[in-house]
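This is data-v2.csv (CSV, C-alpha atoms).
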chain,number,residue,atom,x,y,z
F,257,MET,CA,-48.2,45.1,38.0
F,258,ARG,CA,-47.4,43.3,41.2
F,259,GLN,CA,-48.1,39.9,39.4
F,260,LEU,CA,-45.8,40.8,36.5
F,261,LEU,CA,-43.0,41.7,38.9
F,262,ALA,CA,-43.4,38.3,40.6
F,263,TRP,CA,-43.2,36.4,37.3
F,264,THR,CA,-40.1,38.4,36.3
F,265,LEU,CA,-38.4,37.6,39.7
F,266,ALA,CA,-39.3,33.9,39.4
F,267,ALA,CA,-38.0,33.7,35.8
F,268,ALA,CA,-34.7,35.2,36.9
F,269,ALA,CA,-34.4,32.8,39.8
F,270,ALA,CA,-35.0,29.8,37.5
F,271,LEU,CA,-32.4,31.0,35.1
F,272,ALA,CA,-29.9,31.4,37.9
F,273,ALA,CA,-30.6,27.9,39.1
F,274,ALA,CA,-30.3,26.3,35.7
F,275,PRO,CA,-27.0,24.5,34.9
F,276,THR,CA,-24.4,26.6,33.1
F,277,ALA,CA,-23.9,25.6,29.5
F,278,PRO,CA,-20.3,24.4,28.8
F,279,ALA,CA,-18.0,27.0,27.3
F,280,ALA,CA,-17.5,26.6,23.6
F,281,ARG,CA,-14.4,24.3,23.0
F,282,PRO,CA,-11.6,25.9,21.2
F,283,HIS,CA,-11.0,24.9,17.6
F,284,CYS,CA,-9.3,21.5,17.3
F,285,PRO,CA,-7.5,21.2,14.0
F,286,ARG,CA,-7.6,17.7,12.7
F,287,LEU,CA,-5.2,15.5,10.6
F,288,THR,CA,-6.9,14.4,7.4
F,289,THR,CA,-4.5,11.9,5.8
F,290,SER,CA,-3.9,8.2,6.4
F,291,TRP,CA,-1.0,6.9,8.6
F,292,HIS,CA,0.3,3.5,9.5
F,293,GLY,CA,-1.4,1.8,12.4
F,294,ASP,CA,-2.6,4.1,15.2
F,295,ASN,CA,0.0,6.8,14.4
F,296,ARG,CA,-2.5,9.4,13.2
F,297,ALA,CA,-4.5,9.0,16.4
F,298,ARG,CA,-1.4,9.3,18.6
F,299,LEU,CA,-0.2,12.4,16.7
F,300,GLN,CA,-3.6,13.9,17.1
F,301,ARG,CA,-3.5,13.4,20.8
F,302,VAL,CA,-0.3,15.4,21.0
F,303,ILE,CA,-1.7,18.2,18.8
F,304,ASP,CA,-4.9,18.4,21.0
F,305,ALA,CA,-3.0,18.3,24.3
F,306,ARG,CA,-0.3,20.9,23.4
F,307,GLY,CA,-2.2,23.1,21.0
F,308,THR,CA,-5.2,25.4,20.8
F,309,CYS,CA,-7.6,22.6,21.5
F,310,SER,CA,-6.4,22.8,25.1
F,311,GLY,CA,-5.9,26.5,25.2
F,312,HIS,CA,-2.2,26.5,24.5
F,313,THR,CA,0.0,28.1,21.8
F,314,GLY,CA,3.7,28.2,21.2
F,315,ALA,CA,4.7,24.6,21.5
F,316,VAL,CA,7.5,23.6,19.2
F,317,ALA,CA,7.5,20.9,16.5
F,318,ALA,CA,10.8,20.2,14.8
F,319,PHE,CA,11.3,18.2,11.6
F,320,ASP,CA,14.3,16.9,9.7
F,321,TRP,CA,13.8,17.6,6.0
F,322,ASP,CA,15.4,15.1,3.6
F,323,ASN,CA,13.6,11.8,3.6
F,324,THR,CA,11.5,12.9,6.5
F,325,VAL,CA,9.3,15.6,5.0
F,326,THR,CA,10.3,14.6,1.4
F,327,LYS,CA,11.1,11.5,-0.4
F,328,ASN,CA,14.8,11.9,-1.6
F,329,ASP,CA,17.4,14.5,-0.7
F,330,VAL,CA,17.0,18.1,-1.9
F,331,THR,CA,20.7,19.1,-1.4
F,332,ASP,CA,21.6,16.1,-3.6
F,333,ALA,CA,19.0,17.2,-6.2
F,334,THR,CA,20.6,20.7,-6.2
F,335,LEU,CA,24.1,19.2,-6.6
F,336,SER,CA,22.9,17.0,-9.4
F,337,TRP,CA,21.4,20.1,-11.2
F,338,ALA,CA,24.6,22.1,-10.7
F,339,LEU,CA,26.8,19.3,-12.0
F,340,ARG,CA,24.7,19.1,-15.2
F,341,HIS,CA,24.6,22.8,-15.7
F,342,ASP,CA,28.3,23.7,-14.9
F,343,ARG,CA,27.5,25.8,-11.8
F,344,LEU,CA,30.2,24.6,-9.5
F,345,PRO,CA,33.1,27.0,-9.3
F,346,ARG,CA,36.6,25.5,-9.9
F,347,PRO,CA,38.7,25.8,-6.7
F,348,ALA,CA,42.3,27.0,-6.7
F,349,ARG,CA,43.2,23.8,-4.8
F,350,TRP,CA,40.8,20.9,-4.0
F,351,LYS,CA,42.6,20.5,-0.7
F,352,ASP,CA,41.1,23.9,0.3
F,353,THR,CA,37.5,22.7,0.0
F,354,SER,CA,37.6,20.6,3.2
F,355,ALA,CA,39.7,20.6,6.4
F,356,TRP,CA,39.8,16.8,6.1
F,357,LEU,CA,40.2,16.1,2.4
F,358,THR,CA,43.0,13.5,1.9
F,359,GLU,CA,45.9,13.7,-0.4
F,360,ALA,CA,44.4,10.9,-2.4
F,361,ALA,CA,41.1,12.8,-2.9
F,362,ASP,CA,43.0,15.9,-3.8
F,363,ARG,CA,45.0,14.1,-6.5
F,364,ALA,CA,41.8,12.3,-7.8
F,365,LEU,CA,39.8,15.6,-8.0
F,366,THR,CA,42.7,17.5,-9.6
F,367,ALA,CA,43.3,14.8,-12.2
F,368,ALA,CA,39.5,14.6,-13.1
F,369,CYS,CA,38.5,18.2,-12.7
F,370,GLY,CA,41.5,20.4,-12.8
F,371,THR,CA,42.2,23.5,-10.7
F,372,GLY,CA,42.5,27.2,-11.1
F,373,ALA,CA,40.0,29.6,-9.5
F,374,GLY,CA,37.7,31.6,-11.6
F,375,ALA,CA,36.2,29.4,-14.2
F,376,PRO,CA,33.2,27.1,-13.5
F,377,LEU,CA,33.8,23.4,-13.6
F,378,ARG,CA,32.7,21.9,-17.0
F,379,THR,CA,31.1,18.9,-15.2
F,380,SER,CA,28.4,18.5,-17.9
F,381,ALA,CA,31.2,17.4,-20.3
F,382,GLU,CA,33.6,15.8,-17.8
F,383,PRO,CA,32.0,12.6,-16.4
F,384,ARG,CA,35.2,11.7,-14.6
F,385,CYS,CA,34.9,14.9,-12.5
F,386,THR,CA,31.2,14.3,-11.8
F,387,ASP,CA,32.0,10.7,-10.8
F,388,GLU,CA,34.7,11.8,-8.3
F,389,ILE,CA,32.5,14.5,-6.7
F,390,LEU,CA,29.5,12.1,-6.4
F,391,GLU,CA,31.5,9.2,-5.0
F,392,ILE,CA,33.1,11.4,-2.3
F,393,ARG,CA,29.6,12.9,-1.5
F,394,GLU,CA,27.9,9.5,-1.3
F,395,ASN,CA,30.6,7.2,0.1
F,396,ALA,CA,33.5,9.4,1.4
F,397,THR,CA,35.9,7.6,-1.0
F,398,THR,CA,37.4,8.3,-4.4
F,399,MET,CA,36.5,6.3,-7.5
F,400,SER,CA,39.5,4.2,-6.8
F,401,GLY,CA,38.3,3.4,-3.3
F,402,ALA,CA,40.7,5.5,-1.4
F,403,PRO,CA,39.4,7.3,1.7
F,404,ALA,CA,38.4,10.9,0.8
F,405,PHE,CA,38.6,12.3,4.4
F,406,ALA,CA,40.9,11.7,7.3
F,407,GLY,CA,41.8,13.3,10.6
F,408,HIS,CA,39.9,14.0,13.7
F,409,TRP,CA,36.3,15.3,14.0
F,410,ASN,CA,33.5,14.7,16.5
F,411,HIS,CA,31.4,12.1,14.8
F,412,ARG,CA,28.3,13.2,16.7
F,413,ARG,CA,28.7,16.8,15.5
F,414,THR,CA,29.6,16.6,11.9
F,415,VAL,CA,30.4,14.3,8.9
F,416,PRO,CA,32.9,15.7,6.3
F,417,GLN,CA,31.0,14.8,3.2
F,418,TYR,CA,27.8,16.6,4.4
F,419,ALA,CA,29.8,19.7,5.2
F,420,TRP,CA,31.6,19.4,1.9
F,421,VAL,CA,28.6,20.1,-0.3
F,422,PRO,CA,28.1,23.8,0.7
F,423,GLN,CA,31.9,24.2,0.6
F,424,LEU,CA,31.8,23.1,-3.1
F,425,PHE,CA,29.8,26.3,-3.8
F,426,ALA,CA,32.4,28.6,-2.2
F,427,GLY,CA,32.6,31.8,-4.3
F,428,ARG,CA,28.9,31.7,-5.2
F,429,THR,CA,26.3,33.8,-3.3
F,430,PRO,CA,23.4,32.4,-1.2
F,431,ALA,CA,21.1,33.9,-3.8
F,432,GLU,CA,22.8,32.1,-6.6
F,433,LEU,CA,22.7,28.8,-4.7
F,434,ALA,CA,19.0,29.4,-4.0
F,435,SER,CA,18.4,29.9,-7.7
F,436,TYR,CA,20.0,26.6,-8.4
F,437,ALA,CA,17.8,25.0,-5.8
F,438,ARG,CA,14.7,26.5,-7.3
F,439,ALA,CA,15.6,25.2,-10.8
F,440,ALA,CA,16.3,21.7,-9.3
F,441,ARG,CA,13.1,21.8,-7.4
F,442,ARG,CA,11.0,22.5,-10.6
F,443,GLU,CA,12.8,19.7,-12.3
F,444,ALA,CA,12.5,17.2,-9.4
F,445,LEU,CA,8.8,17.9,-8.9
F,446,ALA,CA,8.1,17.5,-12.6
F,447,ALA,CA,9.9,14.1,-12.8
F,448,PRO,CA,7.7,11.0,-12.3
F,449,VAL,CA,8.0,9.1,-9.0
F,450,GLY,CA,10.7,6.5,-9.4
F,451,ALA,CA,12.6,8.4,-12.0
F,452,THR,CA,16.4,8.2,-12.0
F,453,ARG,CA,19.2,9.7,-14.1
F,454,VAL,CA,22.8,8.7,-14.8
F,455,LEU,CA,25.6,11.1,-13.9
F,456,GLY,CA,29.0,9.8,-14.9
F,457,THR,CA,28.6,6.2,-13.8
F,458,HIS,CA,26.3,7.0,-10.9
F,459,THR,CA,22.6,6.4,-11.0
F,460,VAL,CA,20.8,9.0,-8.8
F,461,PRO,CA,17.2,9.9,-8.1
F,462,ALA,CA,15.7,12.3,-10.5
F,463,TYR,CA,12.6,13.2,-8.5
F,464,VAL,CA,11.7,14.6,-5.1
F,465,ARG,CA,8.2,14.6,-3.5
F,466,PRO,CA,7.0,16.2,-0.3
F,467,TYR,CA,5.0,13.6,1.5
F,468,GLY,CA,1.3,14.5,1.7
F,469,GLN,CA,1.0,13.2,5.2
F,470,MET,CA,3.9,15.5,6.4
F,471,ARG,CA,2.4,18.5,4.6
F,472,ASP,CA,-0.9,17.8,6.4
F,473,LEU,CA,0.8,17.3,9.7
F,474,ILE,CA,2.8,20.6,9.4
F,475,ARG,CA,-0.4,22.5,8.3
F,476,THR,CA,-2.4,21.1,11.2
F,477,LEU,CA,0.4,21.9,13.7
F,478,HIS,CA,0.4,25.5,12.5
F,479,ARG,CA,-3.4,25.8,12.8
F,480,ALA,CA,-3.1,24.4,16.3
F,481,GLY,CA,-0.7,27.2,17.4
F,482,PHE,CA,2.6,25.3,17.2
F,483,ARG,CA,5.8,26.9,16.1
F,484,VAL,CA,7.1,24.6,13.4
F,485,TYR,CA,10.8,24.3,12.5
F,486,VAL,CA,12.9,22.4,10.0
F,487,VAL,CA,16.4,21.4,11.1
F,488,SER,CA,18.5,19.8,8.4
F,489,ALA,CA,22.1,18.8,7.6
F,490,GLY,CA,21.7,20.2,4.1
F,491,ALA,CA,22.8,23.7,2.9
F,492,GLU,CA,20.5,26.3,4.4
F,493,PRO,CA,19.9,28.3,1.1
F,494,VAL,CA,18.7,25.1,-0.5
F,495,THR,CA,16.6,23.9,2.4
F,496,GLU,CA,14.9,27.3,2.6
F,497,VAL,CA,13.7,27.0,-1.0
F,498,TRP,CA,12.0,23.7,-0.2
F,499,SER,CA,10.7,24.4,3.3
F,500,LYS,CA,8.6,27.3,2.3
F,501,GLY,CA,6.6,25.0,0.0
F,502,VAL,CA,5.1,23.3,3.1
F,503,GLY,CA,4.6,26.6,4.9
F,504,VAL,CA,7.8,26.9,6.9
F,505,ASP,CA,9.6,30.2,6.4
F,506,ALA,CA,13.3,31.0,6.4
F,507,ALA,CA,13.2,32.2,10.0
F,508,HIS,CA,12.1,28.7,11.0
F,509,THR,CA,14.5,26.8,8.8
F,510,ILE,CA,17.9,25.7,10.3
F,511,ALA,CA,20.6,24.0,8.2
F,512,ILE,CA,24.3,24.4,7.5
F,513,ARG,CA,24.9,28.2,7.4
F,514,PRO,CA,28.0,29.2,5.4
F,515,VAL,CA,30.0,32.1,6.6
F,516,LEU,CA,30.1,34.8,3.9
F,517,ASP,CA,33.0,36.9,2.8
F,518,ARG,CA,33.0,40.7,2.6
F,519,ARG,CA,31.4,40.5,-0.9
F,520,GLY,CA,28.6,38.3,0.4
F,521,ARG,CA,29.9,35.1,-1.1
F,522,ILE,CA,29.9,31.7,0.4
F,523,THR,CA,33.2,30.5,2.0
F,524,THR,CA,34.3,27.1,3.2
F,525,ARG,CA,33.6,28.1,6.8
F,526,ASP,CA,30.2,27.5,8.6
F,527,GLU,CA,28.6,29.3,11.5
F,528,GLY,CA,29.1,27.6,14.9
F,529,CYS,CA,26.9,26.5,17.8
F,530,GLY,CA,27.1,25.9,21.5
F,531,GLY,CA,30.1,28.1,22.1
F,532,VAL,CA,32.0,26.7,19.2
F,533,PRO,CA,33.0,29.5,16.8
F,534,ALA,CA,32.8,29.4,13.0
F,535,THR,CA,34.8,26.4,11.6
F,536,ARG,CA,35.4,24.6,8.4
F,537,GLY,CA,32.5,22.2,9.1
F,538,ALA,CA,33.3,21.0,12.6
F,539,VAL,CA,29.8,21.8,13.9
F,540,ILE,CA,26.8,21.3,11.7
F,541,PRO,CA,23.2,20.2,12.4
F,542,TYR,CA,24.1,16.5,12.6
F,543,ILE,CA,23.2,14.1,15.5
F,544,ASP,CA,24.0,16.0,18.7
F,545,GLY,CA,24.5,19.1,16.5
F,546,LYS,CA,20.8,19.2,15.7
F,547,ARG,CA,20.0,19.4,19.4
F,548,CYS,CA,22.6,22.2,19.8
F,549,TRP,CA,21.1,24.2,16.9
F,550,ILE,CA,17.5,23.8,18.1
F,551,ASN,CA,18.5,24.8,21.7
F,552,GLN,CA,20.4,27.8,20.4
F,553,GLU,CA,18.2,29.1,17.6
F,554,VAL,CA,14.8,28.1,18.9
F,555,TYR,CA,15.2,28.5,22.7
F,556,GLY,CA,18.0,30.9,23.0
F,557,VAL,CA,20.3,28.6,25.0
F,558,ARG,CA,23.9,29.9,24.7
F,559,GLY,CA,27.3,28.4,25.2
F,560,ALA,CA,28.1,24.8,26.2
F,561,ALA,CA,24.6,24.4,27.7
F,562,ALA,CA,23.2,24.2,24.1
F,563,TRP,CA,24.7,20.7,23.8
F,564,GLN,CA,22.8,19.4,26.8
F,565,ARG,CA,19.2,18.1,27.0
F,566,GLN,CA,17.1,20.9,28.3
F,567,PRO,CA,14.3,20.8,31.0
F,568,TRP,CA,11.1,18.9,30.1
F,569,ARG,CA,8.5,21.0,28.2
F,570,ARG,CA,10.0,24.4,28.7
F,571,ARG,CA,12.9,24.1,26.3
F,572,ARG,CA,12.2,20.9,24.3
F,573,PRO,CA,10.0,20.3,21.3
F,574,ALA,CA,6.6,18.7,21.9
F,575,LEU,CA,7.0,16.7,18.7
F,576,ALA,CA,10.1,15.9,16.6
F,577,ALA,CA,10.4,13.8,13.4
F,578,GLY,CA,13.4,12.2,11.6
F,579,ASP,CA,14.4,9.3,9.5
F,580,ALA,CA,18.1,8.6,10.2
F,581,ASP,CA,20.7,8.3,12.9
F,582,THR,CA,21.6,12.0,12.1
F,583,ASP,CA,18.2,12.8,13.8
F,584,VAL,CA,18.3,10.5,16.8
F,585,THR,CA,19.2,13.1,19.5
F,586,PHE,CA,16.7,15.8,18.8
F,587,VAL,CA,13.9,13.3,18.0
F,588,GLY,CA,14.6,11.7,21.3
F,589,ASP,CA,14.4,15.1,23.1
F,590,ALA,CA,10.7,15.5,22.2
F,591,THR,CA,8.3,15.4,25.1
F,592,GLY,CA,5.1,14.4,23.3
F,593,ALA,CA,5.9,12.2,20.3
F,594,HIS,CA,9.1,10.9,18.6
F,595,LEU,CA,8.1,10.3,15.0
F,596,VAL,CA,10.4,8.1,13.0
F,597,ILE,CA,10.2,7.4,9.2
F,598,ASP,CA,11.6,4.0,8.9
F,599,ARG,CA,14.7,3.9,6.6
F,600,GLY,CA,16.4,1.1,8.5
F,601,LYS,CA,19.0,3.3,10.3
F,602,PRO,CA,20.2,1.3,13.3
F,603,GLU,CA,20.6,3.8,16.2
F,604,LEU,CA,17.3,5.5,15.4
F,605,MET,CA,15.4,2.3,14.9
F,606,CYS,CA,16.9,0.8,18.1
F,607,ARG,CA,15.6,3.8,20.1
F,608,ALA,CA,12.3,3.7,18.4
F,609,TYR,CA,11.6,-0.1,18.9
F,610,ASP,CA,12.9,0.0,22.4
F,611,ASP,CA,10.3,2.7,23.1
F,612,ALA,CA,11.6,3.5,26.5
F,613,ASP,CA,9.1,6.2,27.3
F,614,GLY,CA,6.1,4.9,25.3
F,615,ARG,CA,6.1,7.9,22.9
F,616,TRP,CA,8.0,6.5,19.9
F,617,LEU,CA,6.0,6.2,16.6
F,618,VAL,CA,7.4,4.3,13.6
F,619,ASN,CA,5.9,4.8,10.2
F,620,PRO,CA,7.0,3.2,6.9
F,621,MET,CA,8.1,5.6,4.2
F,622,PHE,CA,5.0,6.9,2.4
F,623,ILE,CA,6.6,6.3,-1.0
F,624,ASP,CA,8.4,3.0,-1.8
F,625,PRO,CA,8.6,1.7,1.8
F,626,LEU,CA,11.4,-0.7,2.8
F,627,PRO,CA,10.6,-4.4,3.3
F,628,ARG,CA,10.5,-5.6,6.8
F,629,ARG,CA,14.0,-6.2,8.1
F,630,THR,CA,14.8,-9.9,8.4
F,631,THR,CA,17.7,-9.7,10.9
F,632,PRO,CA,17.6,-7.8,14.3
F,633,TYR,CA,19.2,-4.4,14.6
F,634,PRO,CA,22.5,-4.7,16.5
F,635,CYS,CA,21.5,-2.4,19.3
F,636,SER,CA,23.5,-4.3,22.0
F,637,ALA,CA,26.7,-4.3,19.9
F,638,THR,CA,27.3,-1.6,17.3
F,639,ALA,CA,24.3,0.8,17.0
F,640,TRP,CA,25.9,3.6,19.0
F,641,THR,CA,28.6,5.8,17.3
F,642,ALA,CA,30.9,7.5,19.8
F,643,PRO,CA,32.4,10.9,19.2
F,644,ASP,CA,35.6,9.3,18.0
F,645,GLY,CA,33.6,7.2,15.5
F,646,THR,CA,34.0,4.0,17.5
F,647,PRO,CA,30.8,1.8,17.3
F,648,GLY,CA,29.5,0.4,20.5
F,649,PRO,CA,26.3,-0.8,22.4
F,650,LEU,CA,23.4,1.6,22.7
F,651,LEU,CA,22.5,2.5,26.3
F,652,ARG,CA,19.3,3.7,27.9
F,653,PRO,CA,19.4,6.7,30.2
F,654,ASP,CA,19.7,4.4,33.2
F,655,GLY,CA,22.8,2.8,31.8
F,656,SER,CA,21.2,-0.5,30.7
F,657,VAL,CA,22.0,-1.9,27.2
F,658,VAL,CA,19.2,-1.7,24.6
F,659,PRO,CA,18.6,-5.3,23.5
F,660,ASP,CA,18.7,-6.1,19.8
F,661,GLN,CA,15.4,-5.2,18.1
F,662,ALA,CA,13.5,-6.9,15.4
F,663,GLY,CA,12.0,-4.8,12.6
F,664,ARG,CA,8.3,-4.5,12.8
F,665,THR,CA,7.2,-2.3,9.8
F,666,PRO,CA,5.6,-2.3,7.5

Would you write out, as structure tokens, the structure that this file holds?
Amino acid sequence: MRQLLAWTLAAAAALAAAPTAPAARPHCPRLTTSWHGDNRARLQRVIDARGTCSGHTGAVAAFDWDNTVTKNDVTDATLSWALRHDRLPRPARWKDTSAWLTEAADRALTAACGTGAGAPLRTSAEPRCTDEILEIRENATTMSGAPAFAGHWNHRRTVPQYAWVPQLFAGRTPAELASYARAARREALAAPVGATRVLGTHTVPAYVRPYGQMRDLIRTLHRAGFRVYVVSAGAEPVTEVWSKGVGVDAAHTIAIRPVLDRRGRITTRDEGCGGVPATRGAVIPYIDGKRCWINQEVYGVRGAAAWQRQPWRRRRPALAAGDADTDVTFVGDATGAHLVIDRGKPELMCRAYDDADGRWLVNPMFIDPLPRRTTPYPCSATAWTAPDGTPGPLLRPDGSVVPDQAGRTP
């Protein structure tokens, strides 16, 4: 008995002296798709450092939608479907659809489309009307080349032709607009990659595809405990239809939010941000407006402070992704990785290639990537757009000018 006790005590002492086995490492969700260069490895490092692999949850990842998560624009796909199926309501006056619509645009739209509230526009049989609407949406001009918008607006907070698309649906309900988006989505996903269609005299994309790499990235971020948001300058009822297809629900989808009338119908006014009340499109998720909407809706920052860059980590996304100058501010706010899908947009590409903090990642479009740019981006001259619309040199935070940058992808 005495010997058994001695053996037991000795075994216990040996066990206590043995090195402690390392604790089981938390699950580390992994990206599974191919990316350009070392982008997959760099994205994985951010996921591992800010997610469950390091014992963290709740970090934010924010994505632009059109041409970032998808190839082609889902609001344009919905507008295309609505034009072909006579779903746009006829306004009493075209001038009422936008605070900045010019007399020339009002005359062109009235001549091509008519006026008189109540009946839908017969755009399926009126190619002149379709042409005027698409030309104004795409180029902010009428078919004759006259400016479609004029006046004063903050060029880093809105662009009239973006705000105009939800305004074209004034009188419809969000549910009706969402139903148009669902029909357009079915059609765009069924069309083969590369397909186009002709509307009036305009040739427009007939297909949309969510990028497999972006779907995998969003899924991996979710599994790693990130809060994933979509922030878009499209119409929110439309963007919500698409974002849920990659696992982002309506509560995490931010886009242009129309103010509704007492009957629950869309008006030409949009909800405001950063202390700016509801307006006729003066503040939308566009350039600096995307920062404002993220600060306000994701982090609860109210008033004028929502327009400002917030403290590092605590109130800024860990990862942000975009494809255009409309995204440059919020993508630049990210603290872990600034992911850029290269569509050749100068302010965004100048920031990305200057890579001031070493965290910018540039990836070619996953479908039909652009050829490498043969001339430098004009970073030192005209890449910056001031609030009054004046182009100028792009500056770093220390005030130095970003030098012109050569394209490097694909």

With all atoms listed in the file as the counted atoms, please give the residues lying no more than 7 Å from Ala404 in chain F, apart from itself and same-chain residues fewer than 4 positions off, as a CSV table (one decimal) with C-alpha atoms, in the coordinates of the input.
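Produced file out14.csv, reproduced below:
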chain,number,residue,atom,x,y,z
F,357,LEU,CA,40.2,16.1,2.4
F,358,THR,CA,43.0,13.5,1.9
F,360,ALA,CA,44.4,10.9,-2.4
F,361,ALA,CA,41.1,12.8,-2.9
F,392,ILE,CA,33.1,11.4,-2.3
F,396,ALA,CA,33.5,9.4,1.4
F,397,THR,CA,35.9,7.6,-1.0
F,398,THR,CA,37.4,8.3,-4.4

- Message: Using only C-alpha atoms, list the residues that have an atom at most 7 Å from (29.5, 23.3, -16.8), coordinates as in the file, as a ChimeraX atom specification.
- Response: /F:339-343,376-380

With C-alpha atoms kept, could you save the residues just selected as a short mmCIF file (atom, residue, chain, number, x, y, z; two decimals), keeping the file's coordinate frame?
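Ended up saving to out.cif:
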data_model
loop_
_atom_site.label_atom_id
_atom_site.label_comp_id
_atom_site.auth_asym_id
_atom_site.auth_seq_id
_atom_site.Cartn_x
_atom_site.Cartn_y
_atom_site.Cartn_z
CA LEU F 339 26.80 19.30 -12.00
CA ARG F 340 24.70 19.10 -15.20
CA HIS F 341 24.60 22.80 -15.70
CA ASP F 342 28.30 23.70 -14.90
CA ARG F 343 27.50 25.80 -11.80
CA PRO F 376 33.20 27.10 -13.50
CA LEU F 377 33.80 23.40 -13.60
CA ARG F 378 32.70 21.90 -17.00
CA THR F 379 31.10 18.90 -15.20
CA SER F 380 28.40 18.50 -17.90
#

Report as a Markdown table the residues of range 565-615 of chain F within 10 Å of range 648-664 of chain F, each with its shortest atom pair and distance in Å (one decimal), using all atoms listed in the file, ordered by chain and increasing residue number.
| residue | atom | partner | partner_atom | distance |
| --- | --- | --- | --- | --- |
| F:Asp598 | CA | F:Gly663 | CA | 9.6 |
| F:Gly600 | CA | F:Gly663 | CA | 8.4 |
| F:Pro602 | CA | F:Gln661 | CA | 9.4 |
| F:Glu603 | CA | F:Leu650 | CA | 7.4 |
| F:Met605 | CA | F:Gln661 | CA | 8.2 |
| F:Cys606 | CA | F:Gln661 | CA | 6.2 |
| F:Arg607 | CA | F:Val658 | CA | 8.0 |
| F:Ala608 | CA | F:Gln661 | CA | 9.4 |
| F:Tyr609 | CA | F:Gln661 | CA | 6.4 |
| F:Asp610 | CA | F:Val658 | CA | 6.9 |
| F:Ala612 | CA | F:Arg652 | CA | 7.8 |

Take the residues just selected and output them with C-alpha atoms as a PDB file, in the coordinates of the input.
ATOM      1  CA  ASP F 598      11.600   4.000   8.900  1.00  0.00           C
ATOM      2  CA  GLY F 600      16.400   1.100   8.500  1.00  0.00           C
ATOM      3  CA  PRO F 602      20.200   1.300  13.300  1.00  0.00           C
ATOM      4  CA  GLU F 603      20.600   3.800  16.200  1.00  0.00           C
ATOM      5  CA  MET F 605      15.400   2.300  14.900  1.00  0.00           C
ATOM      6  CA  CYS F 606      16.900   0.800  18.100  1.00  0.00           C
ATOM      7  CA  ARG F 607      15.600   3.800  20.100  1.00  0.00           C
ATOM      8  CA  ALA F 608      12.300   3.700  18.400  1.00  0.00           C
ATOM      9  CA  TYR F 609      11.600  -0.100  18.900  1.00  0.00           C
ATOM     10  CA  ASP F 610      12.900   0.000  22.400  1.00  0.00           C
ATOM     11  CA  ALA F 612      11.600   3.500  26.500  1.00  0.00           C
TER      12      ALA F 612
END

- Excluding range 314-326 of chain F and residues on its chain fewer than 3 positions from it, collect all residues at most 9 Å away from it, counting all atoms listed in the file, and give them as a PyMOL selection string. chain F and resi 306-307+329-331+464-471+474+477+481-490+495+498-499+502+550+554+569-580+583+586-587+590+596-597+599+621

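CA of Arg525 in chain F lies 7.5 Å from CA of Gln423 in chain F.
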
- Task: Would you mind reading off the distance between CA of Pro347 in chain F and CA of Ala426 in chain F, one decimal, in Å?
- Result: 8.2 Å

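Distances to Asn295 in chain F were evaluated for F:Leu473, F:Val449, F:Leu604, F:Cys635 using only C-alpha atoms, and the minimum falls at F:Leu473.
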
- Task: For CA of Arg513 in chain F and CA of Leu390 in chain F, determine how far apart the two atoms are, in Å to one decimal place.
- Result: 21.7 Å

- For Pro632 in chain F, the nearest of the candidates F:Gly520, F:Thr582, F:Lys601, F:Ser354, counting only C-alpha atoms: F:Lys601

For Gly530 in chain F, find every residue with an atom within 10 Å (counting only C-alpha atoms), except residues of its own chain fewer than 3 positions away, and show them as a PDB file with C-alpha atoms, in the coordinates of the input.
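Output contents, as saved in around.pdb:
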ATOM      1  CA  PRO F 533      33.000  29.500  16.800  1.00  0.00           C
ATOM      2  CA  VAL F 539      29.800  21.800  13.900  1.00  0.00           C
ATOM      3  CA  GLY F 545      24.500  19.100  16.500  1.00  0.00           C
ATOM      4  CA  ARG F 547      20.000  19.400  19.400  1.00  0.00           C
ATOM      5  CA  CYS F 548      22.600  22.200  19.800  1.00  0.00           C
ATOM      6  CA  TRP F 549      21.100  24.200  16.900  1.00  0.00           C
ATOM      7  CA  ASN F 551      18.500  24.800  21.700  1.00  0.00           C
ATOM      8  CA  GLN F 552      20.400  27.800  20.400  1.00  0.00           C
ATOM      9  CA  VAL F 557      20.300  28.600  25.000  1.00  0.00           C
ATOM     10  CA  ARG F 558      23.900  29.900  24.700  1.00  0.00           C
ATOM     11  CA  GLY F 559      27.300  28.400  25.200  1.00  0.00           C
ATOM     12  CA  ALA F 560      28.100  24.800  26.200  1.00  0.00           C
ATOM     13  CA  ALA F 561      24.600  24.400  27.700  1.00  0.00           C
ATOM     14  CA  ALA F 562      23.200  24.200  24.100  1.00  0.00           C
ATOM     15  CA  TRP F 563      24.700  20.700  23.800  1.00  0.00           C
ATOM     16  CA  GLN F 564      22.800  19.400  26.800  1.00  0.00           C
TER      17      GLN F 564
END

- Within 6 Å of Cys385 in chain F, counting all atoms listed in the file, which residues show up once you throw out same-chain ones fewer than 3 positions away? Write them as a ChimeraX atom specification, please. /F:368-369,382,388

- Using all atoms listed in the file, pick whichever of F:Lys500, F:Arg441, F:Arg475, F:Arg615 has the shortest atom-to-atom distance to Leu335 in chain F. F:Arg441

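The closest residue to Asn410 in chain F, picked from F:Pro514, F:Ile540, F:Glu492, F:Val460 and counting all atoms listed in the file, is F:Ile540.
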
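Among the candidates F:Gly311, F:Pro541, F:Gly401, F:Gly450, the one nearest to Tyr418 in chain F when counting only C-alpha atoms is F:Pro541.
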
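Proximity to Pro285 in chain F was assessed for F:Ile623, F:Ala440, F:Ala462, F:Ala480 counting all atoms listed in the file; the smallest distance is recorded for F:Ala480.
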